[in-house]
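Engineer: Starting off with a structure, shown below.
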Amino acid sequence: MSVDEELAYTLTDDADAQLEDLANEFVETECIGAGTLTVETCGLDIWEYREDEATAVAWTLDGEPTIETTLESPEEIVVHVSGDATVSYTLPAADYWPAESPVESDEYEFWITYEVTDGKFVQTDVSQWGW
């Protein structure tokens, strides 16, 4: 007897919606809500010579994030998150610079890994590199 079929796992629509909600929550709290010009985990990075002097840092999303869910195995789900964001911030006057209030844009991209524990999705990793 030979078996040519292999077992395939898929996420339910409900599970996919839960993962999308978790990813959106992560974007809002950990990326957009970070309050810094560089948010390495999320792939946001505004180069500013005086970054440590920036105040009133406020990120906003430029549209909804793109979220793609991949079931790597029955135990591991990877969610790819990407999009565009804009940041506004204030720099105080300094010896050679007047006070400034720049507004800049950046793309973000990162991957969140989840495992299922006791029927719940538990975040196990976040990577800006996808591995």
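The chains in the structure tokens are called A, B, ... from first to last as shown; in each chain the residues are counted from 1, and the ligands are counted from 1 in the order shown.
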Determine which residues of segment 18-119 of chain A DSSP labels as helix (DSSP H, G or I) from the backbone of this structure, then write them out as a list in words.
Structural biologist: Gln18, Leu19, Glu20, Asp21, Leu22, Ala23, Asn24, Glu25, Phe26, Val27, Glu28, Thr29, Glu30, Cys31, Ile32, Glu40, Thr41, Cys42, Glu51, Asp52 and Glu53 of chain A
Engineer: Any idea what's packed within 7 Å of segment 110-119 of chain A, counting only C-alpha atoms, ignoring anything in its chain fewer than 2 positions away? Could you give it as a PyMOL selection string?
Structural biologist: chain A and resi 42-43+75-82+108+121-130
Engineer: Using only C-alpha atoms for the distances, tell me which of A:Glu109, A:Asp52, A:Phe26, A:Leu44 is nearest to Glu68 of chain A.
Structural biologist: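 Looking at the shortest contact to Glu68 of chain A, the residue is A:Glu109.
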Engineer: As a PyMOL selection string, which residues of segment 7-128 of chain A does DSSP assign to strand (DSSP E)?
Structural biologist: chain A and resi 38-39+44-45+55-61+66-73+76-90+103-117+120-127
Engineer: Sorted by chain and rising residue number, list the residues of segment 16-87 of chain A at most 10 Å from segment 97-103 of chain A (counting only C-alpha atoms), each with its closest atom pair and distance in Å to one decimal, as CSV.
Structural biologist:
residue,atom,partner,partner_atom,distance
A:Ala54,CA,A:Ser101,CA,9.4
A:Thr55,CA,A:Ser101,CA,9.6
A:Ala56,CA,A:Ser101,CA,9.4
A:Val57,CA,A:Val103,CA,9.9
A:Ala58,CA,A:Val103,CA,9.5
A:Trp59,CA,A:Val103,CA,9.6
A:Thr86,CA,A:Val103,CA,6.9
A:Val87,CA,A:Val103,CA,5.6
Engineer: For the residues in the current selection, export C-alpha atoms as a short mmCIF file (atom, residue, chain, number, x, y, z; two decimals), in the first residue's frame.
Structural biologist:
data_model
loop_
_atom_site.label_atom_id
_atom_site.label_comp_id
_atom_site.auth_asym_id
_atom_site.auth_seq_id
_atom_site.Cartn_x
_atom_site.Cartn_y
_atom_site.Cartn_z
CA ALA A 54 14.37 64.49 19.86
CA THR A 55 11.21 65.11 21.86
CA ALA A 56 7.49 64.81 21.13
CA VAL A 57 8.18 61.86 18.82
CA ALA A 58 4.87 60.77 17.29
CA TRP A 59 4.58 58.00 14.69
CA THR A 86 5.29 58.97 9.27
CA VAL A 87 7.01 60.49 12.28
#
Engineer: Which residues of segment 56-76 of chain A come within 12 Å of segment 12-16 of chain A, and what is each one's closest atom pair and distance in Å (one decimal), counting only C-alpha atoms, sorted by chain and residue number, as a Markdown table?
Structural biologist:
| residue | atom | partner | partner_atom | distance |
| --- | --- | --- | --- | --- |
| A:Ile67 | CA | A:Asp16 | CA | 10.1 |
| A:Glu68 | CA | A:Asp16 | CA | 9.4 |
| A:Thr69 | CA | A:Asp16 | CA | 7.2 |
| A:Thr70 | CA | A:Asp16 | CA | 9.6 |
| A:Leu71 | CA | A:Asp16 | CA | 10.0 |
Engineer: Would you work out the distance separating atom CA of Ser73 of chain A from atom CA of Cys31 of chain A, expressed in Å to one decimal?
Structural biologist: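 Computing it gives 27.1 Å between the two atoms.
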Engineer: Calculated over only C-alpha atoms, which of the candidates A:Arg50, A:Leu11, A:Glu104, A:Pro65 has the smallest distance to Pro92 of chain A?
Structural biologist: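 Of all the options, A:Arg50 lies closest to Pro92 of chain A.
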